[in-house]
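Engineer: Pasting a structure here, questions to come.
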Amino acid sequence: MPELPEVEGVVRQIRPVSIGKKIEAVTVSDIIRLSKANGKEAIIKRMEADRFVDSLTGAQIVRVERRSKYIYFTLRKDHEFLLVNHLGMSGAWFYVDQLQSIPEDKFRRHVHVILTLSDGNLLAFSDIRRFGEMRVLQEEAEFPPLLLMAPEPFEPGAREHFLAMAESAKYQNKAIKELIMDGQIISGCGNIYATEALFKMKIHPKRAARRISRRRKVELFESIVAILLESIEAGGSTISDYRNINGESGSMQDRFGMYGKKQCMVCGTMTKTLKIGGRASVYCPTCQK
Ligand SMILES: [Zn+2]
């Protein structure tokens with residue numbers, strides 16, 4: 001699943017090819033239309049497919065930003081509004097002259113939304129597993145979970161926010177891994193980077209937040225920020241279906257110490273896997289206490 005660094009990579013690539021351009025046409029796949037006709041909410045949320053098309057057609061792309069793991073397209077017709085996109089498990093954007101130019105067949109076959117831009121190129125959203133989301137919003141508050149997201153991890157205040165939440169009655173007995181993967185506590189840190197940060201800090205993923213000193217909590221937070229920044233520099237990590245808009249993958253996975261490993265690279269112990277917060281958590285039983 002794409003996490004903050006992967007989404008940041010996508011946003012940095014979409015920005016230069018889209019800002020200032022107009023969305024001339026919007027195409028929604030038959031699969032989405034069918035799913036919506038059957039009362040399901042595949043990808044396009046809380047809006048009929050035709051209304052989604054009408055809302056976006058003719059709009060100019062003013063800004064493209066990342067907020068946590070969401071992509072915010074600020075669009076303008078007579079007034080500004082938002083297209084908010086989450087990549088889900090396997091969402092990917094491609095900027096191509098035609099769909100045939102999308103590099104891999106598996107992505108080409110699962111294009112669900114196509115924005116035809118005024119330069120004649122396409123911004124195509126492919127989503128193999130269809131857990132991605134798109135919402136047209138007049139303002140953030142129309143989708144309240146957006147307002148609950150923790151501050152961006154690189155912004156001042158994010159560390160204090162994390163400490164306050166981790167030490168609150170609600171969370172202090174929770175497993176630290178569950179805590180750092182909670183977007184209301186830290187923005188954008190999912191299973192991959194949580195696993196890596198805990199391994200680096202030698203903290204057992206199940207340890208209760210209250211059993212970690214404030215100094216160690218601060219170090220853990222700083223370590224998450226450092227890993228997120230390192231991964232942005234590496235173009236993100238390519239676990240299963242992440243691709244950037246040119247169909248390329250990042251290289252951060254080559255630097256992983258624990259995620260996806262069978263054996264600890266520090267001490268050689270076989271790794272273990274626990275389920276925490278519904279996610280598989282791999283750790284070293286020797287190094288992480
Ligand atoms: Zn170890």
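Simple scheme: letters A, B, ... for chains in structure tokens order, numbers from 1 for residues in each chain, numbers from 1 for ligands in the order shown.
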Output as an MDAnalysis selection string all residues of region 80-110 of chain A that backbone DSSP marks as strand (DSSP E or B).
Structural biologist: chainID A and resid 80:86 91:96
Engineer: Pull C-alpha atoms from the residues just selected and write them as a PDB file, in the first residue's frame.
Structural biologist:
```
ATOM      1  CA  GLU A  80     -12.367  26.570  -6.386  1.00  0.00           C
ATOM      2  CA  PHE A  81     -13.202  23.056  -5.212  1.00  0.00           C
ATOM      3  CA  LEU A  82     -11.351  19.831  -4.462  1.00  0.00           C
ATOM      4  CA  LEU A  83     -10.847  16.433  -6.001  1.00  0.00           C
ATOM      5  CA  VAL A  84      -9.443  14.347  -3.143  1.00  0.00           C
ATOM      6  CA  ASN A  85      -7.839  11.047  -4.105  1.00  0.00           C
ATOM      7  CA  HIS A  86      -6.530   8.171  -1.991  1.00  0.00           C
ATOM      8  CA  GLY A  91      -3.981   3.042  -7.163  1.00  0.00           C
ATOM      9  CA  ALA A  92      -1.576   4.622  -9.648  1.00  0.00           C
ATOM     10  CA  TRP A  93      -1.690   7.702 -11.875  1.00  0.00           C
ATOM     11  CA  PHE A  94      -0.173   7.678 -15.350  1.00  0.00           C
ATOM     12  CA  TYR A  95       0.515  10.703 -17.543  1.00  0.00           C
ATOM     13  CA  VAL A  96       0.438   9.389 -21.101  1.00  0.00           C
TER      14      VAL A  96
END
```
Engineer: Please extract the residues at most 7 Å from ligand 1, counting only C-alpha atoms and all ligand atoms, and provide them as a list of chain:residue names, using the chain letters and residue numbers of this document.
Structural biologist: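 Final answer, ordered by chain and number: A:Cys264, A:Met265, A:Val266, A:Cys267, A:Gly268, A:Thr269, A:Cys284, A:Pro285, A:Thr286, A:Cys287.
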Engineer: Quick one: everything within 8 Å of Gly247 (chain A), counting only C-alpha atoms, minus sequence neighbours fewer than 4 positions away in the same chain. Send it as a short mmCIF file (atom, residue, chain, number, x, y, z; two decimals) with N, CA and C atoms, in the first residue's frame.
Structural biologist:
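Result file is out20.cif:
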```
data_model
loop_
_atom_site.label_atom_id
_atom_site.label_comp_id
_atom_site.auth_asym_id
_atom_site.auth_seq_id
_atom_site.Cartn_x
_atom_site.Cartn_y
_atom_site.Cartn_z
N PHE A 94 -1.10 7.69 -14.22
CA PHE A 94 -0.17 7.68 -15.35
C PHE A 94 -0.44 8.91 -16.21
N ILE A 102 0.66 3.21 -21.30
CA ILE A 102 0.86 2.79 -19.90
C ILE A 102 1.73 1.53 -19.93
N PRO A 103 2.86 1.57 -19.19
CA PRO A 103 3.89 0.56 -19.36
C PRO A 103 3.48 -0.90 -19.12
N GLU A 104 2.66 -1.19 -18.13
CA GLU A 104 2.41 -2.60 -17.85
C GLU A 104 0.94 -2.94 -18.09
N ARG A 243 3.60 2.37 -8.49
CA ARG A 243 4.35 2.91 -9.62
C ARG A 243 4.18 4.42 -9.61
#
```
Engineer: Need the shell around region 224-227 of chain A: protein/DNA/RNA residues with any atom at most 6 Å away, counting only C-alpha atoms. Skip same-chain ones fewer than 3 positions apart. Format as an MDAnalysis selection string?
Structural biologist: chainID A and resid 197 221 230
Engineer: Using 9 Å as the limit and counting only C-alpha atoms, can you tabulate each residue of region 127-177 of chain A that touches region 203-218 of chain A, with its shortest atom-to-atom distance in Å and the two atoms involved, as a Markdown table?
Structural biologist:
```
| residue | atom | partner | partner_atom | distance |
| --- | --- | --- | --- | --- |
| A:Arg159 | CA | A:Val218 | CA | 7.3 |
| A:Phe162 | CA | A:Lys217 | CA | 8.8 |
| A:Leu163 | CA | A:Lys217 | CA | 7.3 |
| A:Ala166 | CA | A:Ala209 | CA | 6.2 |
| A:Glu167 | CA | A:Arg210 | CA | 6.8 |
| A:Tyr171 | CA | A:Ala209 | CA | 7.3 |
| A:Gln172 | CA | A:Ala209 | CA | 4.9 |
| A:Asn173 | CA | A:Ala208 | CA | 5.1 |
| A:Lys174 | CA | A:Ala208 | CA | 5.1 |
| A:Ala175 | CA | A:Ala208 | CA | 4.5 |
| A:Ile176 | CA | A:Ala209 | CA | 5.1 |
| A:Lys177 | CA | A:Pro205 | CA | 4.9 |
```
Engineer: Would you pick out the contacts of Phe52 (chain A) at 10 Å or less, using only C-alpha atoms, so that residues sharing its chain but fewer than 2 positions from it are not included, and give the list as an MDAnalysis selection string?
Structural biologist: chainID A and resid 26:28 44:50 54:57 83 134:136
Engineer: Keeping N, CA, C and O atoms for every residue in the selection just given, could you write it to a file as an mmCIF file, in the first residue's frame?
Structural biologist:
```
data_model
loop_
_atom_site.group_PDB
_atom_site.id
_atom_site.type_symbol
_atom_site.label_atom_id
_atom_site.label_comp_id
_atom_site.auth_asym_id
_atom_site.auth_seq_id
_atom_site.Cartn_x
_atom_site.Cartn_y
_atom_site.Cartn_z
ATOM 1 N N VAL A 26 -13.694 13.801 -19.118
ATOM 2 C CA VAL A 26 -13.518 12.825 -18.039
ATOM 3 C C VAL A 26 -14.190 11.520 -18.459
ATOM 4 O O VAL A 26 -15.329 11.531 -18.928
ATOM 5 N N THR A 27 -13.471 10.430 -18.317
ATOM 6 C CA THR A 27 -14.045 9.122 -18.650
ATOM 7 C C THR A 27 -14.027 8.240 -17.415
ATOM 8 O O THR A 27 -13.024 8.172 -16.715
ATOM 9 N N VAL A 28 -15.147 7.587 -17.147
ATOM 10 C CA VAL A 28 -15.252 6.663 -16.015
ATOM 11 C C VAL A 28 -15.492 5.265 -16.584
ATOM 12 O O VAL A 28 -16.291 5.097 -17.508
ATOM 13 N N ILE A 44 -15.289 6.096 -6.902
ATOM 14 C CA ILE A 44 -15.961 7.405 -6.810
ATOM 15 C C ILE A 44 -16.983 7.340 -5.675
ATOM 16 O O ILE A 44 -17.927 6.559 -5.719
ATOM 17 N N LYS A 45 -16.757 8.165 -4.670
ATOM 18 C CA LYS A 45 -17.573 8.083 -3.455
ATOM 19 C C LYS A 45 -18.670 9.150 -3.436
ATOM 20 O O LYS A 45 -18.422 10.310 -3.756
ATOM 21 N N ARG A 46 -19.817 8.750 -3.010
ATOM 22 C CA ARG A 46 -20.930 9.669 -2.731
ATOM 23 C C ARG A 46 -21.292 10.606 -3.873
ATOM 24 O O ARG A 46 -21.645 11.765 -3.666
ATOM 25 N N MET A 47 -21.174 10.090 -5.087
ATOM 26 C CA MET A 47 -21.552 10.905 -6.228
ATOM 27 C C MET A 47 -21.797 9.991 -7.415
ATOM 28 O O MET A 47 -21.030 9.052 -7.642
ATOM 29 N N GLU A 48 -22.844 10.265 -8.156
ATOM 30 C CA GLU A 48 -23.113 9.487 -9.363
ATOM 31 C C GLU A 48 -21.989 9.712 -10.363
ATOM 32 O O GLU A 48 -21.413 10.800 -10.419
ATOM 33 N N ALA A 49 -21.742 8.701 -11.176
ATOM 34 C CA ALA A 49 -20.654 8.793 -12.162
ATOM 35 C C ALA A 49 -20.851 9.995 -13.097
ATOM 36 O O ALA A 49 -19.906 10.736 -13.375
ATOM 37 N N ASP A 50 -22.075 10.209 -13.546
ATOM 38 C CA ASP A 50 -22.311 11.317 -14.477
ATOM 39 C C ASP A 50 -22.085 12.673 -13.823
ATOM 40 O O ASP A 50 -21.560 13.601 -14.445
ATOM 41 N N ASP A 54 -19.435 15.553 -14.869
ATOM 42 C CA ASP A 54 -19.852 16.955 -15.065
ATOM 43 C C ASP A 54 -19.078 17.913 -14.167
ATOM 44 O O ASP A 54 -18.707 19.007 -14.580
ATOM 45 N N SER A 55 -18.856 17.477 -12.912
ATOM 46 C CA SER A 55 -18.168 18.364 -11.966
ATOM 47 C C SER A 55 -16.765 18.698 -12.432
ATOM 48 O O SER A 55 -16.303 19.826 -12.278
ATOM 49 N N LEU A 56 -16.070 17.696 -12.975
ATOM 50 C CA LEU A 56 -14.659 17.901 -13.297
ATOM 51 C C LEU A 56 -14.431 18.475 -14.692
ATOM 52 O O LEU A 56 -13.436 19.162 -14.937
ATOM 53 N N THR A 57 -15.357 18.183 -15.603
ATOM 54 C CA THR A 57 -15.154 18.623 -16.987
ATOM 55 C C THR A 57 -15.142 20.152 -17.072
ATOM 56 O O THR A 57 -16.024 20.814 -16.538
ATOM 57 N N LEU A 83 -10.743 17.861 -5.694
ATOM 58 C CA LEU A 83 -10.847 16.433 -6.001
ATOM 59 C C LEU A 83 -9.833 15.765 -5.070
ATOM 60 O O LEU A 83 -8.630 16.030 -5.170
ATOM 61 N N MET A 134 -12.009 8.481 -4.760
ATOM 62 C CA MET A 134 -12.042 9.847 -5.289
ATOM 63 C C MET A 134 -13.299 10.525 -4.769
ATOM 64 O O MET A 134 -14.381 9.932 -4.793
ATOM 65 N N ARG A 135 -13.109 11.751 -4.315
ATOM 66 C CA ARG A 135 -14.237 12.527 -3.802
ATOM 67 C C ARG A 135 -14.174 13.942 -4.356
ATOM 68 O O ARG A 135 -13.120 14.566 -4.288
ATOM 69 N N VAL A 136 -15.280 14.409 -4.862
ATOM 70 C CA VAL A 136 -15.368 15.820 -5.239
ATOM 71 C C VAL A 136 -15.982 16.545 -4.053
ATOM 72 O O VAL A 136 -17.071 16.202 -3.599
#
```
Engineer: Where in region 33-114 of chain A does DSSP assign helix (DSSP H, G or I), given as a list of chain:residue names?
Structural biologist: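 DSSP on the backbone gives helix (DSSP H, G or I) at A:Arg33, A:Leu34, A:Ser35, A:Lys36, A:Ala37, A:Ala49, A:Asp50, A:Arg51, A:Phe52, A:Val53, A:Asp54, A:Ser55, A:Leu56, A:Leu99, A:Gln100, A:Ser101, A:Asp105, A:Lys106, A:Phe107, A:Arg108.
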Engineer: If we count only C-alpha atoms and set the cut-off at 12 Å, which residues sit around Glu155 (chain A), ignoring sequence neighbours fewer than 5 positions away in its own chain? Please answer as a list in words.
Structural biologist: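 Residues meeting the cut-off are Arg67, Ser68, Ala150, Glu160, His161, Phe162, Ile186, Ser187 and Val225 of chain A.
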Engineer: Pull N, CA and C atoms from the residues just selected and write them as an mmCIF file, in the first residue's frame.
Structural biologist:
```
data_model
loop_
_atom_site.group_PDB
_atom_site.id
_atom_site.type_symbol
_atom_site.label_atom_id
_atom_site.label_comp_id
_atom_site.auth_asym_id
_atom_site.auth_seq_id
_atom_site.Cartn_x
_atom_site.Cartn_y
_atom_site.Cartn_z
ATOM 1 N N ARG A 67 -1.637 15.608 1.376
ATOM 2 C CA ARG A 67 -1.970 15.777 2.790
ATOM 3 C C ARG A 67 -2.084 14.366 3.337
ATOM 4 N N SER A 68 -1.125 13.992 4.233
ATOM 5 C CA SER A 68 -1.035 12.607 4.695
ATOM 6 C C SER A 68 -0.921 11.697 3.467
ATOM 7 N N ALA A 150 -3.673 13.867 11.681
ATOM 8 C CA ALA A 150 -2.598 14.492 12.452
ATOM 9 C C ALA A 150 -1.867 15.499 11.562
ATOM 10 N N GLU A 160 4.804 17.201 19.061
ATOM 11 C CA GLU A 160 4.042 17.449 20.295
ATOM 12 C C GLU A 160 2.663 16.796 20.212
ATOM 13 N N HIS A 161 2.089 16.852 19.022
ATOM 14 C CA HIS A 161 0.795 16.203 18.812
ATOM 15 C C HIS A 161 0.919 14.702 19.081
ATOM 16 N N PHE A 162 1.965 14.086 18.539
ATOM 17 C CA PHE A 162 2.210 12.649 18.734
ATOM 18 C C PHE A 162 2.377 12.331 20.223
ATOM 19 N N ILE A 186 -0.031 10.082 13.855
ATOM 20 C CA ILE A 186 1.044 10.511 12.941
ATOM 21 C C ILE A 186 0.487 10.376 11.525
ATOM 22 N N SER A 187 0.711 11.379 10.699
ATOM 23 C CA SER A 187 0.175 11.343 9.336
ATOM 24 C C SER A 187 1.071 10.553 8.399
ATOM 25 N N VAL A 225 10.268 10.187 11.000
ATOM 26 C CA VAL A 225 10.422 11.323 10.081
ATOM 27 C C VAL A 225 11.627 11.096 9.164
#
```
Engineer: Please compute the CA of Arg12 (chain A)-CA of Leu228 (chain A) distance, one decimal, in Å.
Structural biologist: 15.1 Å
Engineer: Kindly give the distance, in Å, that separates CA of Met1 (chain A) and CA of Met89 (chain A), rounded to a single decimal.
Structural biologist: 4.5 Å
Engineer: Contacts of Leu4 (chain A) at 12 Å or less, counting only C-alpha atoms, minus same-chain residues fewer than 6 places along, as a count of residues only?
Structural biologist: 37
Engineer: Pick from A:Thr74, A:Ser223, A:Thr195, A:Thr238: nearest to Tyr259 (chain A), with only C-alpha atoms counted?
Structural biologist: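 Answer, going by the shortest atom-to-atom distance: A:Thr195.
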Engineer: Distance CA of Gly132 (chain A)-CA of Asp254 (chain A), one decimal place?
Structural biologist: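 Between CA of Gly132 (chain A) and CA of Asp254 (chain A) the gap is 26.0 Å.
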